[in-house]
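Containing mmCIF, C-alpha atoms: final_34.cif.
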```cif
data_start
loop_
_atom_site.label_atom_id
_atom_site.label_comp_id
_atom_site.auth_asym_id
_atom_site.auth_seq_id
_atom_site.Cartn_x
_atom_site.Cartn_y
_atom_site.Cartn_z
CA MET A 1 156.71 12.78 321.00
CA GLN A 2 152.98 13.50 321.23
CA TYR A 3 151.67 12.62 317.73
CA SER A 4 152.73 10.30 314.94
CA ILE A 5 151.01 11.00 311.62
CA ILE A 6 150.88 7.92 309.38
CA VAL A 7 150.06 8.25 305.67
CA PRO A 8 149.84 5.16 303.41
CA VAL A 9 150.59 6.05 299.79
CA TYR A 10 150.00 4.28 296.50
CA ASN A 11 151.04 6.08 293.29
CA ARG A 12 150.10 9.58 294.51
CA PRO A 13 153.26 11.70 294.81
CA ASP A 14 151.50 14.98 293.92
CA GLU A 15 148.94 14.51 296.68
CA VAL A 16 151.66 13.73 299.21
CA ASP A 17 153.41 16.97 298.26
CA GLU A 18 150.29 18.99 299.06
CA LEU A 19 149.69 17.18 302.33
CA LEU A 20 153.28 17.58 303.53
CA ASP A 21 153.26 21.24 302.56
CA SER A 22 150.17 21.79 304.72
CA LEU A 23 151.83 19.98 307.64
CA THR A 24 154.77 22.41 307.55
CA ARG A 25 152.37 25.21 308.49
CA GLN A 26 150.95 23.60 311.64
CA ALA A 27 150.74 25.86 314.68
CA TYR A 28 151.46 22.80 316.85
CA THR A 29 154.81 21.16 316.07
CA ASP A 30 155.36 18.19 318.43
CA PHE A 31 154.74 15.51 315.80
CA GLU A 32 156.42 13.16 313.37
CA VAL A 33 155.25 12.07 309.92
CA LEU A 34 155.61 8.51 308.62
CA ILE A 35 155.03 8.05 304.89
CA VAL A 36 154.50 4.38 304.03
CA GLU A 37 154.85 3.70 300.31
CA ASP A 38 152.73 0.66 299.53
CA GLY A 39 154.65 -0.80 296.58
CA SER A 40 153.98 2.17 294.30
CA ALA A 41 155.15 2.16 290.70
CA THR A 42 155.42 5.95 290.98
CA PRO A 43 156.99 6.51 294.40
CA CYS A 44 157.03 9.76 296.34
CA ARG A 45 160.55 9.45 297.78
CA THR A 46 161.84 12.56 295.97
CA VAL A 47 158.81 14.53 297.21
CA CYS A 48 159.55 13.49 300.79
CA ASP A 49 163.21 14.46 300.40
CA LYS A 50 162.07 18.07 299.81
CA TYR A 51 160.70 18.20 303.35
CA ALA A 52 163.58 16.47 305.13
CA GLY A 53 164.67 19.67 306.89
CA ARG A 54 161.21 21.07 307.47
CA LEU A 55 159.43 18.10 309.06
CA ASN A 56 160.34 15.23 311.33
CA LEU A 57 159.72 12.91 308.41
CA LYS A 58 160.37 9.20 307.91
CA TYR A 59 159.87 7.44 304.58
CA PHE A 60 159.35 3.70 304.17
CA PHE A 61 158.90 1.59 301.05
CA LYS A 62 157.29 -1.85 301.34
CA ASP A 63 155.61 -4.44 299.14
CA ASN A 64 151.97 -3.81 298.28
CA SER A 65 149.60 -5.13 300.94
CA GLY A 66 146.83 -2.54 301.08
CA PRO A 67 146.25 0.64 303.10
CA GLY A 68 145.31 -1.10 306.36
CA GLN A 69 148.48 -3.16 306.55
CA SER A 70 150.55 -0.14 305.51
CA ARG A 71 149.11 1.81 308.44
CA ASN A 72 150.02 -1.08 310.72
CA TYR A 73 153.55 -1.04 309.29
CA GLY A 74 153.84 2.63 310.16
CA ALA A 75 152.30 2.17 313.61
CA GLN A 76 154.98 -0.40 314.48
CA ARG A 77 157.59 2.29 313.86
CA ALA A 78 155.75 5.25 315.40
CA GLN A 79 156.91 6.92 318.61
CA GLY A 80 154.06 9.29 319.44
CA GLU A 81 151.60 8.82 322.28
CA TYR A 82 148.81 9.14 319.72
CA ILE A 83 148.72 7.84 316.16
CA ILE A 84 146.93 9.99 313.60
CA ILE A 85 145.90 8.31 310.36
CA LEU A 86 145.46 10.50 307.27
CA ASP A 87 144.76 9.57 303.66
CA SER A 88 147.21 10.89 301.09
CA ASP A 89 144.44 12.87 299.37
CA VAL A 90 143.78 15.23 302.28
CA VAL A 91 145.15 18.68 303.11
CA VAL A 92 145.06 19.92 306.70
CA PRO A 93 144.33 23.50 307.81
CA ASP A 94 146.93 25.32 309.90
CA GLY A 95 145.13 24.72 313.20
CA TYR A 96 144.44 21.00 312.71
CA LEU A 97 146.90 19.57 315.24
CA ARG A 98 146.30 22.38 317.70
CA ALA A 99 142.58 21.58 317.63
CA ILE A 100 143.32 17.92 318.39
CA ASP A 101 145.69 18.82 321.21
CA GLU A 102 143.18 21.21 322.79
CA GLU A 103 140.42 18.59 322.63
CA LEU A 104 142.58 15.94 324.28
CA LYS A 105 143.72 18.32 327.02
CA ALA A 106 140.13 19.35 327.73
CA SER A 107 138.77 15.78 327.73
CA PRO A 108 141.12 12.84 327.01
CA CYS A 109 139.85 9.88 324.98
CA ASP A 110 141.27 6.75 323.37
CA ALA A 111 140.20 7.40 319.77
CA PHE A 112 138.89 10.35 317.80
CA GLY A 113 138.16 11.63 314.34
CA GLY A 114 137.13 14.72 312.44
CA ALA A 115 135.03 15.69 309.47
CA ASP A 116 136.05 16.60 305.94
CA ALA A 117 135.22 19.44 303.57
CA SER A 118 135.73 20.69 300.04
CA HIS A 119 138.49 23.22 299.34
CA PRO A 120 137.97 26.16 296.94
CA SER A 121 140.85 24.88 294.77
CA PHE A 122 139.17 21.51 294.13
CA THR A 123 137.90 20.76 290.63
CA PRO A 124 134.12 20.99 289.99
CA VAL A 125 133.90 17.18 289.98
CA GLN A 126 135.76 16.93 293.29
CA LYS A 127 133.45 19.52 294.82
CA ALA A 128 130.41 17.64 293.53
CA ILE A 129 131.69 14.36 294.95
CA SER A 130 132.49 16.04 298.27
CA TYR A 131 128.95 17.43 298.33
CA SER A 132 127.39 14.03 297.69
CA MET A 133 129.47 12.47 300.48
CA THR A 134 128.62 15.11 303.08
CA SER A 135 125.13 16.35 302.23
CA PHE A 136 122.14 15.51 304.39
CA PHE A 137 120.22 14.83 301.16
CA THR A 138 122.51 11.90 300.27
CA THR A 139 124.30 9.88 302.97
CA GLY A 140 125.93 12.64 304.98
CA GLY A 141 123.80 11.62 307.92
CA ILE A 142 125.14 8.08 307.81
CA ARG A 143 128.77 9.07 307.99
CA GLY A 144 128.48 10.86 311.32
CA GLY A 145 130.12 14.01 312.47
CA LYS A 146 130.06 17.74 312.15
CA ALA A 147 132.55 19.78 310.21
CA GLY A 148 134.14 22.83 311.70
CA GLY A 149 135.93 25.81 310.24
CA LYS A 150 134.96 28.38 307.67
CA SER A 151 135.26 26.16 304.61
CA SER A 152 133.37 23.21 306.03
CA ALA A 153 130.65 25.06 307.88
CA LYS A 154 128.64 25.25 304.69
CA GLN A 155 129.82 22.10 302.93
CA GLY A 156 130.73 19.65 305.66
CA ASN A 157 128.41 17.13 307.21
CA THR A 158 126.41 18.78 309.96
CA THR A 159 123.70 16.22 310.62
CA GLY A 160 125.35 12.84 310.93
CA ALA A 161 125.60 12.67 314.69
CA ALA A 162 121.82 12.67 314.92
CA LEU A 163 121.41 9.68 312.62
CA ASP A 164 124.15 7.29 313.66
CA LYS A 165 126.86 7.03 316.29
CA PHE A 166 130.13 8.60 315.23
CA TYR A 167 132.96 6.26 314.22
CA PRO A 168 136.33 7.61 313.04
CA ARG A 169 137.25 7.08 309.39
CA SER A 170 140.75 6.50 308.10
CA TYR A 171 140.99 9.74 306.12
CA ASN A 172 141.07 11.60 309.49
CA MET A 173 141.43 9.30 312.48
CA GLY A 174 143.40 9.25 315.72
CA ILE A 175 143.99 6.61 318.38
CA ARG A 176 146.18 6.16 321.43
CA ARG A 177 149.21 4.14 320.32
CA THR A 178 148.90 1.60 323.15
CA VAL A 179 145.27 0.96 322.22
CA TYR A 180 146.21 0.59 318.55
CA HIS A 181 148.66 -2.20 319.38
CA GLN A 182 146.38 -3.87 321.92
CA LEU A 183 143.69 -4.23 319.24
CA GLY A 184 146.10 -5.36 316.52
CA GLY A 185 145.47 -2.41 314.25
CA PHE A 186 143.65 -2.67 310.93
CA SER A 187 142.40 -5.97 309.55
CA LYS A 188 143.14 -7.31 306.07
CA MET A 189 139.85 -6.05 304.70
CA ARG A 190 140.57 -3.87 301.70
CA PHE A 191 137.33 -1.89 302.01
CA GLY A 192 135.66 -0.96 305.27
CA GLU A 193 138.78 -1.79 307.29
CA ASP A 194 138.61 1.58 309.06
CA ILE A 195 135.00 1.05 310.17
CA ASP A 196 135.90 -2.47 311.28
CA PHE A 197 138.70 -1.00 313.40
CA SER A 198 136.38 1.67 314.82
CA TYR A 199 133.84 -0.98 315.76
CA ARG A 200 136.53 -2.99 317.52
CA ILE A 201 137.66 0.10 319.43
CA VAL A 202 134.16 0.72 320.77
CA GLU A 203 133.41 -2.98 321.36
CA ALA A 204 136.58 -3.25 323.47
CA GLY A 205 135.25 -0.50 325.74
CA TYR A 206 137.56 2.32 324.63
CA SER A 207 136.24 5.85 324.29
CA SER A 208 135.81 7.41 320.84
CA ARG A 209 134.80 11.00 320.15
CA LEU A 210 134.27 13.48 317.35
CA PHE A 211 136.57 16.52 317.35
CA PRO A 212 134.49 19.11 315.45
CA GLU A 213 137.37 21.52 314.80
CA ALA A 214 139.85 18.86 313.67
CA TRP A 215 138.58 18.76 310.09
CA VAL A 216 140.49 18.28 306.83
CA TRP A 217 140.05 19.09 303.19
CA HIS A 218 139.46 15.80 301.40
CA LYS A 219 139.95 15.48 297.63
CA ARG A 220 138.37 12.04 297.23
CA ARG A 221 138.10 10.64 293.69
CA THR A 222 138.86 12.78 290.68
CA ASP A 223 136.16 11.37 288.37
CA LEU A 224 132.76 9.75 288.65
CA LYS A 225 133.91 6.36 287.33
CA LYS A 226 136.46 5.99 290.14
CA PHE A 227 133.90 7.30 292.58
CA PHE A 228 131.42 4.62 291.51
CA ARG A 229 134.02 1.92 292.15
CA GLN A 230 134.75 3.34 295.57
CA VAL A 231 131.14 3.47 296.74
CA TYR A 232 130.37 0.09 295.14
CA ASN A 233 133.08 -1.43 297.31
CA SER A 234 131.68 0.44 300.31
CA GLY A 235 128.32 -1.26 299.70
CA ILE A 236 130.06 -4.63 299.69
CA ALA A 237 131.90 -3.71 302.87
CA ARG A 238 128.68 -2.90 304.71
CA ILE A 239 127.46 -6.51 304.45
CA ASN A 240 130.89 -7.83 305.44
CA LEU A 241 130.92 -5.48 308.43
CA GLU A 242 127.51 -6.68 309.58
CA LYS A 243 128.75 -10.26 309.39
CA ARG A 244 131.81 -9.37 311.47
CA HIS A 245 129.90 -7.12 313.88
CA PRO A 246 126.27 -8.31 314.10
CA GLY A 247 123.80 -5.59 314.92
CA THR A 248 125.88 -2.69 313.61
CA MET A 249 123.78 -2.26 310.48
CA LYS A 250 121.21 0.50 310.99
CA ILE A 251 118.19 1.52 308.96
CA VAL A 252 120.19 4.41 307.48
CA HIS A 253 122.64 1.92 305.98
CA LEU A 254 119.79 0.42 303.96
CA LEU A 255 118.75 3.72 302.38
CA PRO A 256 121.11 3.61 299.35
CA MET A 257 119.91 0.08 298.54
CA LEU A 258 116.26 1.14 298.87
CA PHE A 259 116.98 4.18 296.71
CA THR A 260 118.58 1.96 294.06
CA VAL A 261 115.69 -0.51 294.01
CA GLY A 262 113.21 2.37 293.95
CA VAL A 263 114.85 4.11 290.99
CA ILE A 264 115.01 0.85 289.03
CA ALA A 265 111.35 0.13 289.81
CA LEU A 266 110.25 3.61 288.71
CA VAL A 267 112.18 3.35 285.44
CA LEU A 268 110.66 -0.10 284.73
CA ILE A 269 107.14 1.16 285.44
CA SER A 270 107.73 4.06 283.07
CA ALA A 271 109.02 1.68 280.39
CA VAL A 272 105.95 -0.53 280.74
CA GLY A 273 103.70 2.51 280.44
CA ARG A 274 105.52 3.66 277.32
CA ALA A 275 105.15 0.24 275.70
CA LEU A 276 101.43 0.07 276.51
CA MET A 277 100.88 3.52 275.01
CA TYR A 278 101.42 1.90 271.59
CA TRP A 279 100.10 -1.60 272.24
CA ASN A 280 96.86 -0.46 273.85
CA SER A 281 96.04 2.81 272.11
CA GLU A 282 92.45 2.86 273.43
CA ASN A 283 93.86 3.80 276.84
CA PHE A 284 96.61 5.98 275.44
CA TRP A 285 96.32 8.77 278.04
CA LEU A 286 96.20 6.34 280.93
CA TRP A 287 99.44 4.73 279.88
CA TYR A 288 100.89 8.16 279.05
CA TRP A 289 100.55 9.15 282.69
CA VAL A 290 101.87 5.75 283.80
CA CYS A 291 104.89 6.48 281.64
CA LEU A 292 105.36 10.02 282.94
CA THR A 293 104.49 9.88 286.64
CA PRO A 294 107.40 7.65 287.83
CA TRP A 295 109.87 10.30 286.72
CA LEU A 296 108.39 12.95 289.01
CA PRO A 297 110.06 11.79 292.26
CA ILE A 298 113.35 11.32 290.41
CA LEU A 299 113.14 14.84 288.97
CA LEU A 300 112.05 16.26 292.32
CA TYR A 301 115.03 14.70 294.10
CA SER A 302 117.40 15.84 291.34
CA GLY A 303 116.03 19.37 291.56
CA MET A 304 116.54 19.42 295.33
CA ILE A 305 120.17 18.32 294.96
CA PHE A 306 120.78 20.79 292.15
CA ALA A 307 119.32 23.74 294.07
CA ASP A 308 121.10 22.98 297.35
CA SER A 309 124.52 22.35 295.80
CA SER A 310 124.24 25.30 293.40
CA LEU A 311 123.47 27.63 296.29
CA GLN A 312 126.29 26.27 298.42
CA HIS A 313 128.88 26.54 295.68
CA LYS A 314 127.31 29.47 293.82
CA SER A 315 127.69 27.42 290.66
CA PRO A 316 124.95 25.75 288.56
CA LYS A 317 127.69 23.63 286.96
CA ILE A 318 128.67 22.11 290.30
CA GLY A 319 124.95 21.75 291.09
CA THR A 320 124.48 19.70 287.92
CA LEU A 321 127.55 17.57 288.64
CA SER A 322 126.28 17.05 292.19
CA VAL A 323 123.10 15.46 290.83
CA ALA A 324 125.21 12.97 288.87
CA ALA A 325 127.50 12.39 291.87
CA ALA A 326 124.52 11.78 294.19
CA PHE A 327 123.06 9.12 291.88
CA VAL A 328 126.49 7.53 291.39
CA GLN A 329 127.05 7.43 295.13
CA LEU A 330 123.66 6.06 296.17
CA MET A 331 123.25 3.56 293.35
CA GLY A 332 126.88 2.48 293.33
CA TYR A 333 126.64 1.72 297.03
CA GLY A 334 123.24 0.10 296.51
CA PHE A 335 124.48 -2.24 293.78
CA GLY A 336 127.47 -3.29 295.87
CA PHE A 337 125.22 -3.87 298.87
CA LEU A 338 122.82 -6.02 296.84
CA GLU A 339 125.60 -8.12 295.32
CA ALA A 340 127.16 -8.72 298.73
CA TRP A 341 123.75 -9.54 300.24
CA TRP A 342 123.11 -12.10 297.50
CA LYS A 343 126.50 -13.78 297.77
CA ARG A 344 126.90 -13.71 301.53
CA CYS A 345 123.36 -13.83 302.96
CA VAL A 346 121.57 -15.86 300.30
CA ARG A 347 124.32 -18.11 298.91
CA GLY A 348 126.15 -18.32 302.24
CA LYS A 349 129.68 -17.60 301.01
CA ASP A 350 132.28 -16.30 303.43
CA GLU A 351 133.90 -12.94 302.82
CA PHE A 352 136.98 -14.35 301.08
CA GLN A 353 135.03 -16.71 298.79
CA ALA A 354 132.54 -14.00 297.86
CA PHE A 355 134.96 -11.17 297.26
CA GLU A 356 138.53 -12.34 297.00
CA LYS A 357 139.58 -9.15 295.25
CA THR A 358 138.42 -7.00 298.15
CA PHE A 359 140.86 -8.53 300.62
CA TYR A 360 144.62 -8.57 300.93
CA LYS A 361 146.01 -11.92 301.98
#
```
Just give me the structure of the file as structure tokens.
Amino acid sequence: MQYSIIVPVYNRPDEVDELLDSLTRQAYTDFEVLIVEDGSATPCRTVCDKYAGRLNLKYFFKDNSGPGQSRNYGAQRAQGEYIIILDSDVVVPDGYLRAIDEELKASPCDAFGGADASHPSFTPVQKAISYSMTSFFTTGGIRGGKAGGKSSAKQGNTTGAALDKFYPRSYNMGIRRTVYHQLGGFSKMRFGEDIDFSYRIVEAGYSSRLFPEAWVWHKRRTDLKKFFRQVYNSGIARINLEKRHPGTMKIVHLLPMLFTVGVIALVLISAVGRALMYWNSENFWLWYWVCLTPWLPILLYSGMIFADSSLQHKSPKIGTLSVAAAFVQLMGYGFGFLEAWWKRCVRGKDEFQAFEKTFYK
């Protein structure tokens, strides 16, 4: 067995159906699939039963312990030489596994990962969120990697490798099974556990590489509220990761926090100007411009996002939603980063004391 695909699942049977359907169309077939149900109230067992004769599929149900520990559960039962980790909200193109196999035959490595892209069938909100997570104008450069394929060539991240070293992410990540077990797999961090694992892979001296053509379609969150929660937790995770792996925080990781502080400062300056327009009417026009000017960089940035996304998707609606998604992403991450910085760096709490809800014990 060459590849073992492990998918942790929590209350997402419809997504699993789409993922498994895409795996039945793989040009490369020497693989098994391990679905690990993480204590779901709405299990996907019946969905998996549909594919029993079409895939080498194993289904496991376990108590809830988080995605990282569910991946470890699957890895303990995997038989492939390489373990491939996928999120349940991805769909893979027909040539996904063949691209991985060709890369490994051409130049073997211990760990690898690929990019993600938006699929034409995604909802406008999903496309906007995908844009905000992959665009150079947001934090696409932080994530690392370059998307391949027709769908991702326009929408995938194409600039990240220049800004930060590539580290595989758990939505599309592969690792040699022996290396996985030697490193102990994923930690009990609930957020950022995949980056923590990637750091440990590199720190242990194992090779890690981007496979440009091994990309996936990634649905991400279905609404902006859930998206905010996700990126907020990612901001928290960044501080925790720096504490675990000193020196891994780069300048690019500070950009969402600086953006957040900058937007708040501009809005406050505008509010002060508006108040002084009425309290100091002798200098009305001075305070008028103080009120107005801070909005110019915000509007300029919004216009840039709107134009770029609208052109990519040929849809002003998605362009408008992308503006909202970009602000949700950057400021959600920024707020989480600031809270974690305050609790961990200023107040000196450890990661469990500061954020008990972000860890599985």
Item to check | Who sits within 10 Å of Val263 of chain A, only C-alpha atoms, same chain under 6 positions skipped, as an NGL selection string | outcome: :A and (257 or 269 or 294-295 or 297-298 or 327 or 331)
Next, the residues of the selection above should be written as a PDB file, in the coordinates of the input with C-alpha atoms.
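Listed below is the output, result_22.pdb:
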```
ATOM      1  CA  MET A 257     119.910   0.080 298.540  1.00  0.00           C
ATOM      2  CA  ILE A 269     107.140   1.160 285.440  1.00  0.00           C
ATOM      3  CA  PRO A 294     107.400   7.650 287.830  1.00  0.00           C
ATOM      4  CA  TRP A 295     109.870  10.300 286.720  1.00  0.00           C
ATOM      5  CA  PRO A 297     110.060  11.790 292.260  1.00  0.00           C
ATOM      6  CA  ILE A 298     113.350  11.320 290.410  1.00  0.00           C
ATOM      7  CA  PHE A 327     123.060   9.120 291.880  1.00  0.00           C
ATOM      8  CA  MET A 331     123.250   3.560 293.350  1.00  0.00           C
TER       9      MET A 331
END
```
Next on the checklist: When the PyMOL selection byres ((chain A and resi 169) around 12) is applied to the structure above, which residues does it catch, written out as a ChimeraX atom specification?
Outcome noted: /A:68,84-87,111-116,143-145,166-168,170-175,186,191-199,208-210,215-216
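If you measure from each of A:Gly336, A:Gly319, A:Gly185, A:Gly348 to Ala128 of chain A using all atoms listed in the file, the closest one turns out to be A:Gly319.
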Next on the checklist: Starting from the PyMOL selection byres ((chain A and resi 321) around 10), expand the selection into actual residues of this file and give them as a ChimeraX atom specification.
Outcome noted: /A:124-129,131-132,224,305-306,309-310,316-320,322-326
Checklist entry - What does the distance from atom CA of Thr29 of chain A to atom CA of Gln2 of chain A come to in Å, to one decimal? => result 9.4 Å
Just add N, CA and C atoms to segment 308-340 of chain A and send it as a PDB file, in the frame of the given file.
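Everything below was put into selection_20.pdb:
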```pdb
ATOM      1  N   ASP A 308     120.306  22.874 296.123  1.00  0.00           N
ATOM      2  CA  ASP A 308     121.100  22.980 297.350  1.00  0.00           C
ATOM      3  C   ASP A 308     122.586  23.127 297.035  1.00  0.00           C
ATOM      4  N   SER A 309     123.098  22.285 296.134  1.00  0.00           N
ATOM      5  CA  SER A 309     124.520  22.350 295.800  1.00  0.00           C
ATOM      6  C   SER A 309     124.859  23.634 295.057  1.00  0.00           C
ATOM      7  N   SER A 310     123.990  24.057 294.154  1.00  0.00           N
ATOM      8  CA  SER A 310     124.240  25.300 293.400  1.00  0.00           C
ATOM      9  C   SER A 310     124.318  26.492 294.331  1.00  0.00           C
ATOM     10  N   LEU A 311     123.450  26.530 295.333  1.00  0.00           N
ATOM     11  CA  LEU A 311     123.470  27.630 296.290  1.00  0.00           C
ATOM     12  C   LEU A 311     124.719  27.590 297.156  1.00  0.00           C
ATOM     13  N   GLN A 312     125.098  26.390 297.590  1.00  0.00           N
ATOM     14  CA  GLN A 312     126.290  26.270 298.420  1.00  0.00           C
ATOM     15  C   GLN A 312     127.549  26.699 297.688  1.00  0.00           C
ATOM     16  N   HIS A 313     127.667  26.272 296.442  1.00  0.00           N
ATOM     17  CA  HIS A 313     128.880  26.540 295.680  1.00  0.00           C
ATOM     18  C   HIS A 313     128.773  27.769 294.780  1.00  0.00           C
ATOM     19  N   LYS A 314     127.552  28.333 294.713  1.00  0.00           N
ATOM     20  CA  LYS A 314     127.310  29.470 293.820  1.00  0.00           C
ATOM     21  C   LYS A 314     127.690  29.123 292.387  1.00  0.00           C
ATOM     22  N   SER A 315     127.315  27.905 291.991  1.00  0.00           N
ATOM     23  CA  SER A 315     127.690  27.420 290.660  1.00  0.00           C
ATOM     24  C   SER A 315     126.669  26.393 290.170  1.00  0.00           C
ATOM     25  N   PRO A 316     125.876  26.723 289.136  1.00  0.00           N
ATOM     26  CA  PRO A 316     124.950  25.750 288.560  1.00  0.00           C
ATOM     27  C   PRO A 316     125.686  24.538 287.975  1.00  0.00           C
ATOM     28  N   LYS A 317     126.927  24.741 287.520  1.00  0.00           N
ATOM     29  CA  LYS A 317     127.690  23.630 286.960  1.00  0.00           C
ATOM     30  C   LYS A 317     127.968  22.585 288.048  1.00  0.00           C
ATOM     31  N   ILE A 318     128.416  23.041 289.212  1.00  0.00           N
ATOM     32  CA  ILE A 318     128.670  22.110 290.300  1.00  0.00           C
ATOM     33  C   ILE A 318     127.358  21.495 290.784  1.00  0.00           C
ATOM     34  N   GLY A 319     126.265  22.287 290.738  1.00  0.00           N
ATOM     35  CA  GLY A 319     124.950  21.750 291.090  1.00  0.00           C
ATOM     36  C   GLY A 319     124.558  20.597 290.184  1.00  0.00           C
ATOM     37  N   THR A 320     124.798  20.757 288.883  1.00  0.00           N
ATOM     38  CA  THR A 320     124.480  19.700 287.920  1.00  0.00           C
ATOM     39  C   THR A 320     125.347  18.471 288.153  1.00  0.00           C
ATOM     40  N   LEU A 321     126.649  18.686 288.368  1.00  0.00           N
ATOM     41  CA  LEU A 321     127.550  17.570 288.640  1.00  0.00           C
ATOM     42  C   LEU A 321     127.195  16.878 289.955  1.00  0.00           C
ATOM     43  N   SER A 322     126.659  17.636 290.908  1.00  0.00           N
ATOM     44  CA  SER A 322     126.280  17.050 292.190  1.00  0.00           C
ATOM     45  C   SER A 322     125.110  16.090 292.043  1.00  0.00           C
ATOM     46  N   VAL A 323     124.209  16.391 291.100  1.00  0.00           N
ATOM     47  CA  VAL A 323     123.100  15.460 290.830  1.00  0.00           C
ATOM     48  C   VAL A 323     123.664  14.128 290.344  1.00  0.00           C
ATOM     49  N   ALA A 324     124.594  14.203 289.383  1.00  0.00           N
ATOM     50  CA  ALA A 324     125.210  12.970 288.870  1.00  0.00           C
ATOM     51  C   ALA A 324     125.963  12.254 289.986  1.00  0.00           C
ATOM     52  N   ALA A 325     126.716  13.000 290.794  1.00  0.00           N
ATOM     53  CA  ALA A 325     127.500  12.390 291.870  1.00  0.00           C
ATOM     54  C   ALA A 325     126.595  11.722 292.901  1.00  0.00           C
ATOM     55  N   ALA A 326     125.453  12.351 293.203  1.00  0.00           N
ATOM     56  CA  ALA A 326     124.520  11.780 294.190  1.00  0.00           C
ATOM     57  C   ALA A 326     123.962  10.450 293.698  1.00  0.00           C
ATOM     58  N   PHE A 327     123.583  10.372 292.425  1.00  0.00           N
ATOM     59  CA  PHE A 327     123.060   9.120 291.880  1.00  0.00           C
ATOM     60  C   PHE A 327     124.156   8.058 291.806  1.00  0.00           C
ATOM     61  N   VAL A 328     125.368   8.471 291.424  1.00  0.00           N
ATOM     62  CA  VAL A 328     126.490   7.530 291.390  1.00  0.00           C
ATOM     63  C   VAL A 328     126.753   6.981 292.786  1.00  0.00           C
ATOM     64  N   GLN A 329     126.754   7.860 293.773  1.00  0.00           N
ATOM     65  CA  GLN A 329     127.050   7.430 295.130  1.00  0.00           C
ATOM     66  C   GLN A 329     125.991   6.461 295.666  1.00  0.00           C
ATOM     67  N   LEU A 330     124.722   6.860 295.586  1.00  0.00           N
ATOM     68  CA  LEU A 330     123.660   6.060 296.170  1.00  0.00           C
ATOM     69  C   LEU A 330     123.471   4.737 295.436  1.00  0.00           C
ATOM     70  N   MET A 331     123.498   4.782 294.112  1.00  0.00           N
ATOM     71  CA  MET A 331     123.250   3.560 293.350  1.00  0.00           C
ATOM     72  C   MET A 331     124.491   2.680 293.288  1.00  0.00           C
ATOM     73  N   GLY A 332     125.671   3.287 293.267  1.00  0.00           N
ATOM     74  CA  GLY A 332     126.880   2.480 293.330  1.00  0.00           C
ATOM     75  C   GLY A 332     126.941   1.696 294.630  1.00  0.00           C
ATOM     76  N   TYR A 333     126.679   2.371 295.731  1.00  0.00           N
ATOM     77  CA  TYR A 333     126.640   1.720 297.030  1.00  0.00           C
ATOM     78  C   TYR A 333     125.523   0.667 297.058  1.00  0.00           C
ATOM     79  N   GLY A 334     124.372   1.033 296.510  1.00  0.00           N
ATOM     80  CA  GLY A 334     123.240   0.100 296.510  1.00  0.00           C
ATOM     81  C   GLY A 334     123.525  -1.166 295.737  1.00  0.00           C
ATOM     82  N   PHE A 335     124.151  -1.054 294.570  1.00  0.00           N
ATOM     83  CA  PHE A 335     124.480  -2.240 293.780  1.00  0.00           C
ATOM     84  C   PHE A 335     125.494  -3.126 294.503  1.00  0.00           C
ATOM     85  N   GLY A 336     126.501  -2.514 295.121  1.00  0.00           N
ATOM     86  CA  GLY A 336     127.470  -3.290 295.870  1.00  0.00           C
ATOM     87  C   GLY A 336     126.835  -3.995 297.054  1.00  0.00           C
ATOM     88  N   PHE A 337     125.945  -3.304 297.728  1.00  0.00           N
ATOM     89  CA  PHE A 337     125.220  -3.870 298.870  1.00  0.00           C
ATOM     90  C   PHE A 337     124.394  -5.075 298.432  1.00  0.00           C
ATOM     91  N   LEU A 338     123.672  -4.930 297.325  1.00  0.00           N
ATOM     92  CA  LEU A 338     122.820  -6.020 296.840  1.00  0.00           C
ATOM     93  C   LEU A 338     123.634  -7.232 296.413  1.00  0.00           C
ATOM     94  N   GLU A 339     124.754  -6.980 295.737  1.00  0.00           N
ATOM     95  CA  GLU A 339     125.600  -8.120 295.320  1.00  0.00           C
ATOM     96  C   GLU A 339     126.135  -8.865 296.528  1.00  0.00           C
ATOM     97  N   ALA A 340     126.614  -8.087 297.530  1.00  0.00           N
ATOM     98  CA  ALA A 340     127.160  -8.720 298.730  1.00  0.00           C
ATOM     99  C   ALA A 340     126.065  -9.465 299.499  1.00  0.00           C
TER     100      ALA A 340
END
```
